[in-house]
Every structure is written in structure tokens, then in C-alpha cells.
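Here is the file structure_14.txt (compact mmCIF, N, CA and C atoms).
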```
# COMPACT_ATOMS: atom_id res chain seq x y z
N MET P 1 71.74 -20.54 59.38
CA MET P 1 72.16 -19.67 58.27
C MET P 1 72.28 -20.50 57.00
N ARG P 2 72.07 -19.86 55.90
CA ARG P 2 72.22 -20.53 54.59
C ARG P 2 73.69 -20.81 54.31
N ASP P 3 73.95 -21.77 53.44
CA ASP P 3 75.31 -22.09 53.01
C ASP P 3 75.65 -21.17 51.83
N ILE P 4 76.42 -20.13 52.11
CA ILE P 4 76.73 -19.12 51.09
C ILE P 4 77.96 -19.54 50.28
N LYS P 5 77.76 -19.72 48.98
CA LYS P 5 78.83 -20.13 48.08
C LYS P 5 79.28 -19.01 47.13
N LYS P 6 78.40 -18.01 46.95
CA LYS P 6 78.69 -16.93 46.00
C LYS P 6 78.25 -15.58 46.57
N ILE P 7 79.02 -14.57 46.20
CA ILE P 7 78.65 -13.18 46.43
C ILE P 7 78.50 -12.60 45.03
N ILE P 8 77.31 -12.13 44.70
CA ILE P 8 77.03 -11.67 43.34
C ILE P 8 76.74 -10.17 43.36
N ILE P 9 77.47 -9.44 42.52
CA ILE P 9 77.36 -7.99 42.47
C ILE P 9 76.54 -7.57 41.26
N HIS P 10 75.66 -6.61 41.49
CA HIS P 10 74.73 -6.09 40.49
C HIS P 10 74.80 -4.56 40.45
N CYS P 11 74.15 -3.99 39.44
CA CYS P 11 73.86 -2.55 39.41
C CYS P 11 72.35 -2.42 39.27
N THR P 12 71.82 -1.26 39.61
CA THR P 12 70.37 -1.05 39.49
C THR P 12 69.94 -0.77 38.05
N ALA P 13 70.91 -0.61 37.13
CA ALA P 13 70.62 -0.29 35.73
C ALA P 13 69.79 0.99 35.64
N THR P 14 70.23 1.98 36.42
CA THR P 14 69.60 3.30 36.41
C THR P 14 70.66 4.33 36.00
N PRO P 15 70.24 5.46 35.45
CA PRO P 15 71.19 6.45 34.96
C PRO P 15 72.05 7.06 36.07
N ARG P 16 73.27 7.38 35.69
CA ARG P 16 74.20 8.09 36.57
C ARG P 16 73.49 9.30 37.17
N GLY P 17 73.57 9.44 38.48
CA GLY P 17 72.99 10.60 39.16
C GLY P 17 71.55 10.43 39.60
N ARG P 18 70.87 9.40 39.15
CA ARG P 18 69.48 9.20 39.57
C ARG P 18 69.47 8.61 40.98
N GLU P 19 68.67 9.19 41.84
CA GLU P 19 68.55 8.68 43.20
C GLU P 19 67.61 7.48 43.21
N VAL P 20 68.07 6.43 43.83
CA VAL P 20 67.29 5.20 43.99
C VAL P 20 67.47 4.75 45.43
N THR P 21 66.38 4.37 46.06
CA THR P 21 66.44 3.94 47.46
C THR P 21 66.08 2.45 47.58
N VAL P 22 66.34 1.91 48.76
CA VAL P 22 65.93 0.55 49.06
C VAL P 22 64.42 0.42 48.84
N SER P 23 63.66 1.41 49.27
CA SER P 23 62.20 1.39 49.10
C SER P 23 61.80 1.34 47.64
N ASP P 24 62.53 2.09 46.78
CA ASP P 24 62.24 2.06 45.34
C ASP P 24 62.43 0.65 44.79
N ILE P 25 63.57 0.04 45.13
CA ILE P 25 63.87 -1.30 44.62
C ILE P 25 62.87 -2.31 45.17
N ASP P 26 62.52 -2.17 46.43
CA ASP P 26 61.52 -3.05 47.03
C ASP P 26 60.19 -2.94 46.26
N ARG P 27 59.79 -1.74 45.93
CA ARG P 27 58.55 -1.52 45.18
C ARG P 27 58.63 -2.16 43.79
N TRP P 28 59.78 -1.97 43.10
CA TRP P 28 59.96 -2.56 41.76
C TRP P 28 59.86 -4.08 41.82
N HIS P 29 60.51 -4.66 42.82
CA HIS P 29 60.52 -6.12 42.91
C HIS P 29 59.16 -6.67 43.32
N ARG P 30 58.44 -5.97 44.19
CA ARG P 30 57.09 -6.41 44.55
C ARG P 30 56.16 -6.33 43.34
N ALA P 31 56.38 -5.34 42.47
CA ALA P 31 55.57 -5.21 41.26
C ALA P 31 55.79 -6.40 40.33
N ARG P 32 56.94 -7.07 40.45
CA ARG P 32 57.23 -8.27 39.67
C ARG P 32 56.65 -9.53 40.32
N GLY P 33 56.02 -9.35 41.47
CA GLY P 33 55.44 -10.48 42.17
C GLY P 33 56.36 -11.14 43.17
N TRP P 34 57.52 -10.52 43.43
CA TRP P 34 58.47 -11.08 44.39
C TRP P 34 58.06 -10.69 45.80
N ALA P 35 58.67 -11.33 46.78
CA ALA P 35 58.36 -11.08 48.19
C ALA P 35 59.16 -9.92 48.74
N GLY P 36 59.40 -8.92 47.94
CA GLY P 36 60.16 -7.74 48.36
C GLY P 36 61.51 -7.67 47.68
N ILE P 37 62.32 -6.75 48.12
CA ILE P 37 63.64 -6.52 47.52
C ILE P 37 64.41 -7.83 47.44
N GLY P 38 65.05 -8.06 46.31
CA GLY P 38 65.76 -9.31 46.09
C GLY P 38 67.21 -9.29 46.50
N TYR P 39 67.78 -8.08 46.67
CA TYR P 39 69.19 -7.94 47.04
C TYR P 39 69.33 -7.88 48.57
N HIS P 40 70.46 -8.34 49.05
CA HIS P 40 70.71 -8.29 50.48
C HIS P 40 71.30 -6.96 50.93
N TYR P 41 72.02 -6.29 50.01
CA TYR P 41 72.64 -5.00 50.32
C TYR P 41 72.51 -4.06 49.13
N VAL P 42 72.28 -2.78 49.42
CA VAL P 42 72.20 -1.73 48.40
C VAL P 42 73.22 -0.66 48.76
N ILE P 43 74.07 -0.30 47.78
CA ILE P 43 75.12 0.70 48.00
C ILE P 43 74.72 2.00 47.29
N TYR P 44 74.45 3.03 48.08
CA TYR P 44 74.08 4.33 47.54
C TYR P 44 75.32 5.06 47.01
N PRO P 45 75.12 6.08 46.18
CA PRO P 45 76.27 6.83 45.63
C PRO P 45 77.18 7.45 46.70
N ASP P 46 76.63 7.77 47.86
CA ASP P 46 77.47 8.35 48.93
C ASP P 46 78.25 7.28 49.68
N GLY P 47 78.09 6.00 49.26
CA GLY P 47 78.81 4.90 49.89
C GLY P 47 78.05 4.22 51.01
N ALA P 48 76.90 4.74 51.37
CA ALA P 48 76.12 4.13 52.45
C ALA P 48 75.72 2.71 52.04
N ILE P 49 75.96 1.77 52.96
CA ILE P 49 75.59 0.37 52.75
C ILE P 49 74.26 0.15 53.48
N ASN P 50 73.25 -0.13 52.69
CA ASN P 50 71.89 -0.26 53.24
C ASN P 50 71.42 -1.71 53.16
N PRO P 51 70.83 -2.22 54.23
CA PRO P 51 70.33 -3.59 54.19
C PRO P 51 69.09 -3.69 53.32
N GLY P 52 68.99 -4.80 52.63
CA GLY P 52 67.80 -5.12 51.84
C GLY P 52 67.14 -6.34 52.46
N ARG P 53 67.07 -7.41 51.69
CA ARG P 53 66.51 -8.67 52.20
C ARG P 53 67.44 -9.22 53.28
N PRO P 54 66.91 -9.73 54.35
CA PRO P 54 67.77 -10.30 55.40
C PRO P 54 68.64 -11.44 54.84
N GLU P 55 69.87 -11.51 55.30
CA GLU P 55 70.81 -12.53 54.80
C GLU P 55 70.30 -13.95 54.99
N HIS P 56 69.55 -14.20 56.05
CA HIS P 56 69.11 -15.57 56.29
C HIS P 56 68.03 -16.03 55.30
N LYS P 57 67.53 -15.11 54.49
CA LYS P 57 66.54 -15.45 53.47
C LYS P 57 67.21 -15.48 52.10
N ALA P 58 66.81 -16.46 51.28
CA ALA P 58 67.33 -16.53 49.92
C ALA P 58 66.96 -15.26 49.17
N GLY P 59 67.86 -14.79 48.34
CA GLY P 59 67.60 -13.59 47.56
C GLY P 59 66.71 -13.86 46.37
N ALA P 60 66.50 -12.81 45.58
CA ALA P 60 65.78 -12.89 44.31
C ALA P 60 66.54 -11.95 43.38
N HIS P 61 67.75 -12.35 43.03
CA HIS P 61 68.62 -11.47 42.25
C HIS P 61 69.37 -12.18 41.13
N CYS P 62 69.46 -13.52 41.16
CA CYS P 62 70.21 -14.23 40.14
C CYS P 62 69.65 -15.65 40.00
N ALA P 63 68.84 -15.85 38.97
CA ALA P 63 68.16 -17.13 38.78
C ALA P 63 69.14 -18.29 38.85
N GLY P 64 68.75 -19.30 39.63
CA GLY P 64 69.56 -20.49 39.77
C GLY P 64 70.63 -20.42 40.84
N HIS P 65 70.82 -19.23 41.43
CA HIS P 65 71.89 -19.04 42.41
C HIS P 65 71.41 -18.37 43.71
N ASN P 66 70.14 -18.09 43.80
CA ASN P 66 69.62 -17.32 44.93
C ASN P 66 69.75 -18.03 46.28
N SER P 67 69.57 -19.33 46.30
CA SER P 67 69.55 -20.04 47.59
C SER P 67 70.91 -20.07 48.26
N SER P 68 72.00 -19.93 47.49
CA SER P 68 73.34 -20.05 48.06
C SER P 68 74.20 -18.81 47.83
N SER P 69 73.56 -17.67 47.69
CA SER P 69 74.34 -16.46 47.42
C SER P 69 73.84 -15.26 48.22
N ILE P 70 74.71 -14.26 48.26
CA ILE P 70 74.39 -12.94 48.81
C ILE P 70 74.40 -11.99 47.61
N GLY P 71 73.36 -11.17 47.48
CA GLY P 71 73.27 -10.20 46.39
C GLY P 71 73.57 -8.79 46.86
N ILE P 72 74.50 -8.16 46.17
CA ILE P 72 74.86 -6.76 46.44
C ILE P 72 74.52 -5.97 45.18
N VAL P 73 73.90 -4.81 45.33
CA VAL P 73 73.62 -3.95 44.19
C VAL P 73 74.10 -2.53 44.50
N TYR P 74 74.72 -1.90 43.51
CA TYR P 74 75.06 -0.48 43.65
C TYR P 74 74.11 0.31 42.78
N VAL P 75 73.78 1.52 43.21
CA VAL P 75 72.88 2.39 42.46
C VAL P 75 73.66 2.98 41.29
N GLY P 76 73.15 2.74 40.09
CA GLY P 76 73.78 3.23 38.87
C GLY P 76 73.94 2.12 37.85
N GLY P 77 74.89 2.30 36.95
CA GLY P 77 75.17 1.31 35.93
C GLY P 77 74.88 1.75 34.51
N LEU P 78 74.23 2.90 34.35
CA LEU P 78 73.95 3.43 33.02
C LEU P 78 74.40 4.88 32.94
N GLU P 79 74.80 5.28 31.74
CA GLU P 79 75.11 6.69 31.51
C GLU P 79 73.83 7.51 31.64
N THR P 80 73.95 8.82 31.59
CA THR P 80 72.79 9.69 31.78
C THR P 80 71.74 9.52 30.69
N ASP P 81 72.11 8.90 29.56
CA ASP P 81 71.12 8.65 28.50
C ASP P 81 70.15 7.53 28.90
N GLY P 82 70.45 6.82 29.99
CA GLY P 82 69.58 5.77 30.46
C GLY P 82 69.64 4.49 29.65
N VAL P 83 70.61 4.40 28.73
CA VAL P 83 70.71 3.24 27.84
C VAL P 83 72.11 2.61 27.86
N THR P 84 73.12 3.44 27.84
CA THR P 84 74.50 2.96 27.69
C THR P 84 75.06 2.43 29.01
N PRO P 85 75.41 1.13 29.05
CA PRO P 85 76.01 0.58 30.27
C PRO P 85 77.34 1.26 30.58
N ALA P 86 77.59 1.54 31.85
CA ALA P 86 78.83 2.20 32.27
C ALA P 86 79.09 1.92 33.74
N ASP P 87 80.36 1.89 34.08
CA ASP P 87 80.74 1.78 35.48
C ASP P 87 80.59 3.16 36.09
N THR P 88 79.44 3.41 36.68
CA THR P 88 79.14 4.73 37.23
C THR P 88 79.42 4.82 38.73
N ARG P 89 80.09 3.82 39.28
CA ARG P 89 80.35 3.83 40.72
C ARG P 89 81.16 5.04 41.13
N THR P 90 80.74 5.65 42.21
CA THR P 90 81.52 6.73 42.81
C THR P 90 82.66 6.09 43.59
N GLU P 91 83.64 6.90 43.96
CA GLU P 91 84.74 6.37 44.79
C GLU P 91 84.19 5.82 46.09
N ALA P 92 83.18 6.49 46.64
CA ALA P 92 82.56 6.02 47.88
C ALA P 92 81.91 4.65 47.68
N GLN P 93 81.25 4.45 46.55
CA GLN P 93 80.65 3.14 46.26
C GLN P 93 81.73 2.07 46.09
N ARG P 94 82.78 2.41 45.36
CA ARG P 94 83.88 1.45 45.17
C ARG P 94 84.43 1.00 46.52
N SER P 95 84.68 1.95 47.39
CA SER P 95 85.23 1.67 48.71
C SER P 95 84.27 0.82 49.53
N SER P 96 83.00 1.17 49.50
CA SER P 96 82.00 0.43 50.28
C SER P 96 81.83 -1.00 49.76
N ILE P 97 81.84 -1.16 48.45
CA ILE P 97 81.72 -2.50 47.89
C ILE P 97 82.92 -3.35 48.32
N ARG P 98 84.12 -2.79 48.23
CA ARG P 98 85.32 -3.53 48.66
C ARG P 98 85.21 -3.91 50.13
N SER P 99 84.80 -2.98 50.95
CA SER P 99 84.67 -3.23 52.38
C SER P 99 83.62 -4.29 52.68
N LEU P 100 82.47 -4.18 52.04
CA LEU P 100 81.39 -5.14 52.26
C LEU P 100 81.82 -6.53 51.80
N VAL P 101 82.41 -6.62 50.61
CA VAL P 101 82.86 -7.91 50.10
C VAL P 101 83.92 -8.51 51.03
N SER P 102 84.83 -7.69 51.52
CA SER P 102 85.85 -8.17 52.44
C SER P 102 85.22 -8.76 53.70
N GLY P 103 84.25 -8.06 54.26
CA GLY P 103 83.57 -8.56 55.45
C GLY P 103 82.80 -9.84 55.18
N LEU P 104 82.14 -9.91 54.03
CA LEU P 104 81.40 -11.12 53.68
C LEU P 104 82.34 -12.29 53.45
N ARG P 105 83.50 -12.02 52.83
CA ARG P 105 84.49 -13.08 52.62
C ARG P 105 84.99 -13.63 53.95
N SER P 106 85.14 -12.77 54.94
CA SER P 106 85.57 -13.22 56.26
C SER P 106 84.53 -14.13 56.89
N ARG P 107 83.27 -13.79 56.70
CA ARG P 107 82.18 -14.58 57.28
C ARG P 107 81.87 -15.84 56.49
N PHE P 108 82.11 -15.77 55.17
CA PHE P 108 81.83 -16.90 54.28
C PHE P 108 83.10 -17.19 53.46
N PRO P 109 84.13 -17.75 54.10
CA PRO P 109 85.45 -17.87 53.46
C PRO P 109 85.49 -18.67 52.17
N GLY P 110 84.56 -19.55 51.95
CA GLY P 110 84.57 -20.33 50.71
C GLY P 110 83.82 -19.67 49.56
N ALA P 111 83.18 -18.54 49.83
CA ALA P 111 82.37 -17.88 48.80
C ALA P 111 83.23 -17.25 47.72
N THR P 112 82.78 -17.38 46.49
CA THR P 112 83.45 -16.75 45.35
C THR P 112 82.69 -15.48 44.98
N ILE P 113 83.39 -14.55 44.31
CA ILE P 113 82.81 -13.25 43.96
C ILE P 113 82.52 -13.23 42.46
N HIS P 114 81.33 -12.74 42.11
CA HIS P 114 80.90 -12.75 40.71
C HIS P 114 80.13 -11.49 40.35
N GLY P 115 80.13 -11.17 39.07
CA GLY P 115 79.24 -10.17 38.53
C GLY P 115 78.00 -10.88 38.00
N HIS P 116 76.87 -10.22 38.02
CA HIS P 116 75.63 -10.80 37.51
C HIS P 116 75.79 -11.27 36.07
N ASN P 117 76.61 -10.54 35.31
CA ASN P 117 76.81 -10.87 33.89
C ASN P 117 77.46 -12.23 33.67
N GLU P 118 78.00 -12.84 34.70
CA GLU P 118 78.56 -14.19 34.57
C GLU P 118 77.45 -15.24 34.49
N PHE P 119 76.24 -14.87 34.88
CA PHE P 119 75.13 -15.81 34.93
C PHE P 119 73.96 -15.42 34.03
N ALA P 120 74.01 -14.24 33.46
CA ALA P 120 72.91 -13.75 32.61
C ALA P 120 73.48 -12.91 31.48
N ALA P 121 72.79 -12.86 30.37
CA ALA P 121 73.23 -12.08 29.21
C ALA P 121 72.90 -10.60 29.43
N LYS P 122 73.63 -10.01 30.37
CA LYS P 122 73.44 -8.61 30.74
C LYS P 122 74.80 -7.97 30.95
N ALA P 123 74.85 -6.65 30.87
CA ALA P 123 76.09 -5.92 31.17
C ALA P 123 76.30 -5.81 32.68
N CYS P 124 75.26 -5.95 33.45
CA CYS P 124 75.27 -5.81 34.91
C CYS P 124 76.39 -6.64 35.53
N PRO P 125 77.23 -6.06 36.32
CA PRO P 125 77.17 -4.78 37.01
C PRO P 125 77.92 -3.64 36.30
N CYS P 126 78.29 -3.86 35.04
CA CYS P 126 78.93 -2.82 34.23
C CYS P 126 80.38 -2.53 34.64
N PHE P 127 81.02 -3.48 35.30
CA PHE P 127 82.47 -3.44 35.53
C PHE P 127 82.94 -4.88 35.65
N ASP P 128 84.25 -5.08 35.51
CA ASP P 128 84.83 -6.42 35.52
C ASP P 128 85.09 -6.88 36.95
N VAL P 129 84.13 -7.59 37.49
CA VAL P 129 84.22 -8.05 38.88
C VAL P 129 85.40 -8.99 39.06
N ALA P 130 85.61 -9.90 38.12
CA ALA P 130 86.70 -10.87 38.24
C ALA P 130 88.05 -10.21 38.40
N SER P 131 88.33 -9.18 37.61
CA SER P 131 89.65 -8.54 37.71
C SER P 131 89.74 -7.66 38.96
N GLU P 132 88.64 -7.07 39.37
CA GLU P 132 88.67 -6.21 40.54
C GLU P 132 88.82 -6.98 41.85
N PHE P 133 88.30 -8.21 41.87
CA PHE P 133 88.34 -9.01 43.09
C PHE P 133 89.17 -10.27 42.92
N GLN P 134 90.28 -10.18 42.19
CA GLN P 134 91.16 -11.33 41.97
C GLN P 134 91.73 -11.89 43.25
N THR P 135 92.12 -11.00 44.15
CA THR P 135 92.81 -11.48 45.36
C THR P 135 91.87 -11.57 46.53
```

Exercise: express the given structure as C-alpha cells:
Amino acid sequence: MRDIKKIIIHCTATPRGREVTVSDIDRWHRARGWAGIGYHYVIYPDGAINPGRPEHKAGAHCAGHNSSSIGIVYVGGLETDGVTPADTRTEAQRSSIRSLVSGLRSRFPGATIHGHNEFAAKACPCFDVASEFQT
């Protein structure tokens, strides 16, 4: 297994209410020339936690941090105008992200939790990861 040092949370940067699947993200990432979906987990609006890239493989979600991180993405992150960044997570997504992060922390106790915006000039994941996962 890889040495996981970070858990990095993202949003799909898609409008509130737009349905996005693992297959959609896989297609988008392959169109960029990647070897498939770059995230390890995708959280749908109903809270379903869907596997993406296998954990034992380095992700393609955060330049400079892929080899030692797990990437989680939730569907959403923009208002319905498709432009304005917003925390569009449903309560089910919030709960699933907390649960998934808790499980990953148990498996990778030294890993720190981050938002993509800590490593790139982006609003992603459109909420304050540091304050939400302080403890």
C-alpha cells in the first residue's frame, strides 16, 4: 500500500442539482489524457460513497500530492448559475464525507485532511475543510 500522508477533498465544480456519475468523471479525466478517474472516492448527492481509482494507485487530483494522498470528491460546488462557488453539499453528502474521512483516518492515522484550495488557486471544495475537520 502507498504511504498516505494526506486526505484531500474536492468538489466536481458542477452546478447544484446536476447529476454527475463516476463514469462521467472518468470520461472527463480520460479526455485530459489521464489513466481514468483521478479521485479515489466520489460522493453523490444522496450520500452514496462510490469508488473511483483504486486506493493502491496514486491519484490524479492534486498536483504534487498524488503519490501520498487519497482524493475524495463530492458532486457539486457551484450554484445553479454554473459559475458561483458554493457549498452545495446535501446533508447526506456531509454525513458521508465525515464517515469516509473518519474511516480513512483510522486506516491512515498520520494523514492530515485538506481542501484542494490549500494547494491550488481554486475555490474547490467550496467549504472550509480546516474548520470542519479540526478534531

task: Could you find all residues in chain P that DSSP calls strand (DSSP E or B) from the backbone, and write them as a VMD selection string?
output: chain P and resid 6 to 11 14 to 15 41 to 43 49 to 51 69 to 74 77 to 78 85 112 to 115

field: Distance criterion (only C-alpha atoms): nearest to Ser23 in chain P out of P:Asn50, P:Thr112, P:Ser67, P:Thr88
entry: P:Asn50

P:Leu104, P:Pro15, P:Arg2, P:His116 ranked by distance to Gly82 in chain P, top pick (using only N, CA and C atoms):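 The closest residue to Gly82 in chain P is P:Pro15.
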
field: DSSP alpha helix (DSSP H) residues within chain P, as number ranges by chain
entry: P: 22-31, 91-107, 129-132

Excluding Phe127 in chain P and residues on its chain fewer than 5 positions from it, collect all residues at most 12 Å away from it, counting only C-alpha atoms, and give them as a PDB file with N, CA and C atoms, in the frame of the given file.
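What landed in part-v2.pdb:
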```pdb
ATOM      1  N   ILE P   9      77.470  -9.440  42.520  1.00  0.00           N
ATOM      2  CA  ILE P   9      77.360  -7.990  42.470  1.00  0.00           C
ATOM      3  C   ILE P   9      76.540  -7.570  41.260  1.00  0.00           C
ATOM      4  N   HIS P  10      75.660  -6.610  41.490  1.00  0.00           N
ATOM      5  CA  HIS P  10      74.730  -6.090  40.490  1.00  0.00           C
ATOM      6  C   HIS P  10      74.800  -4.560  40.450  1.00  0.00           C
ATOM      7  N   CYS P  11      74.150  -3.990  39.440  1.00  0.00           N
ATOM      8  CA  CYS P  11      73.860  -2.550  39.410  1.00  0.00           C
ATOM      9  C   CYS P  11      72.350  -2.420  39.270  1.00  0.00           C
ATOM     10  N   TYR P  74      74.720  -1.900  43.510  1.00  0.00           N
ATOM     11  CA  TYR P  74      75.060  -0.480  43.650  1.00  0.00           C
ATOM     12  C   TYR P  74      74.110   0.310  42.780  1.00  0.00           C
ATOM     13  N   GLY P  76      73.150   2.740  40.090  1.00  0.00           N
ATOM     14  CA  GLY P  76      73.780   3.230  38.870  1.00  0.00           C
ATOM     15  C   GLY P  76      73.940   2.120  37.850  1.00  0.00           C
ATOM     16  N   GLY P  77      74.890   2.300  36.950  1.00  0.00           N
ATOM     17  CA  GLY P  77      75.170   1.310  35.930  1.00  0.00           C
ATOM     18  C   GLY P  77      74.880   1.750  34.510  1.00  0.00           C
ATOM     19  N   LEU P  78      74.230   2.900  34.350  1.00  0.00           N
ATOM     20  CA  LEU P  78      73.950   3.430  33.020  1.00  0.00           C
ATOM     21  C   LEU P  78      74.400   4.880  32.940  1.00  0.00           C
ATOM     22  N   PRO P  85      75.410   1.130  29.050  1.00  0.00           N
ATOM     23  CA  PRO P  85      76.010   0.580  30.270  1.00  0.00           C
ATOM     24  C   PRO P  85      77.340   1.260  30.580  1.00  0.00           C
ATOM     25  N   ALA P  86      77.590   1.540  31.850  1.00  0.00           N
ATOM     26  CA  ALA P  86      78.830   2.200  32.270  1.00  0.00           C
ATOM     27  C   ALA P  86      79.090   1.920  33.740  1.00  0.00           C
ATOM     28  N   ASP P  87      80.360   1.890  34.080  1.00  0.00           N
ATOM     29  CA  ASP P  87      80.740   1.780  35.480  1.00  0.00           C
ATOM     30  C   ASP P  87      80.590   3.160  36.090  1.00  0.00           C
ATOM     31  N   THR P  88      79.440   3.410  36.680  1.00  0.00           N
ATOM     32  CA  THR P  88      79.140   4.730  37.230  1.00  0.00           C
ATOM     33  C   THR P  88      79.420   4.820  38.730  1.00  0.00           C
ATOM     34  N   ARG P  89      80.090   3.820  39.280  1.00  0.00           N
ATOM     35  CA  ARG P  89      80.350   3.830  40.720  1.00  0.00           C
ATOM     36  C   ARG P  89      81.160   5.040  41.130  1.00  0.00           C
ATOM     37  N   ARG P  94      82.780   2.410  45.360  1.00  0.00           N
ATOM     38  CA  ARG P  94      83.880   1.450  45.170  1.00  0.00           C
ATOM     39  C   ARG P  94      84.430   1.000  46.520  1.00  0.00           C
ATOM     40  N   HIS P 114      81.330 -12.740  42.110  1.00  0.00           N
ATOM     41  CA  HIS P 114      80.900 -12.750  40.710  1.00  0.00           C
ATOM     42  C   HIS P 114      80.130 -11.490  40.350  1.00  0.00           C
ATOM     43  N   GLY P 115      80.130 -11.170  39.070  1.00  0.00           N
ATOM     44  CA  GLY P 115      79.240 -10.170  38.530  1.00  0.00           C
ATOM     45  C   GLY P 115      78.000 -10.880  38.000  1.00  0.00           C
ATOM     46  N   HIS P 116      76.870 -10.220  38.020  1.00  0.00           N
ATOM     47  CA  HIS P 116      75.630 -10.800  37.510  1.00  0.00           C
ATOM     48  C   HIS P 116      75.790 -11.270  36.070  1.00  0.00           C
ATOM     49  N   ASN P 117      76.610 -10.540  35.310  1.00  0.00           N
ATOM     50  CA  ASN P 117      76.810 -10.870  33.890  1.00  0.00           C
ATOM     51  C   ASN P 117      77.460 -12.230  33.670  1.00  0.00           C
ATOM     52  N   GLU P 118      78.000 -12.840  34.700  1.00  0.00           N
ATOM     53  CA  GLU P 118      78.560 -14.190  34.570  1.00  0.00           C
ATOM     54  C   GLU P 118      77.450 -15.240  34.490  1.00  0.00           C
ATOM     55  N   LYS P 122      73.630 -10.010  30.370  1.00  0.00           N
ATOM     56  CA  LYS P 122      73.440  -8.610  30.740  1.00  0.00           C
ATOM     57  C   LYS P 122      74.800  -7.970  30.950  1.00  0.00           C
ATOM     58  N   GLU P 132      88.640  -7.070  39.370  1.00  0.00           N
ATOM     59  CA  GLU P 132      88.670  -6.210  40.540  1.00  0.00           C
ATOM     60  C   GLU P 132      88.820  -6.980  41.850  1.00  0.00           C
ATOM     61  N   PHE P 133      88.300  -8.210  41.870  1.00  0.00           N
ATOM     62  CA  PHE P 133      88.340  -9.010  43.090  1.00  0.00           C
ATOM     63  C   PHE P 133      89.170 -10.270  42.920  1.00  0.00           C
TER      64      PHE P 133
END
```
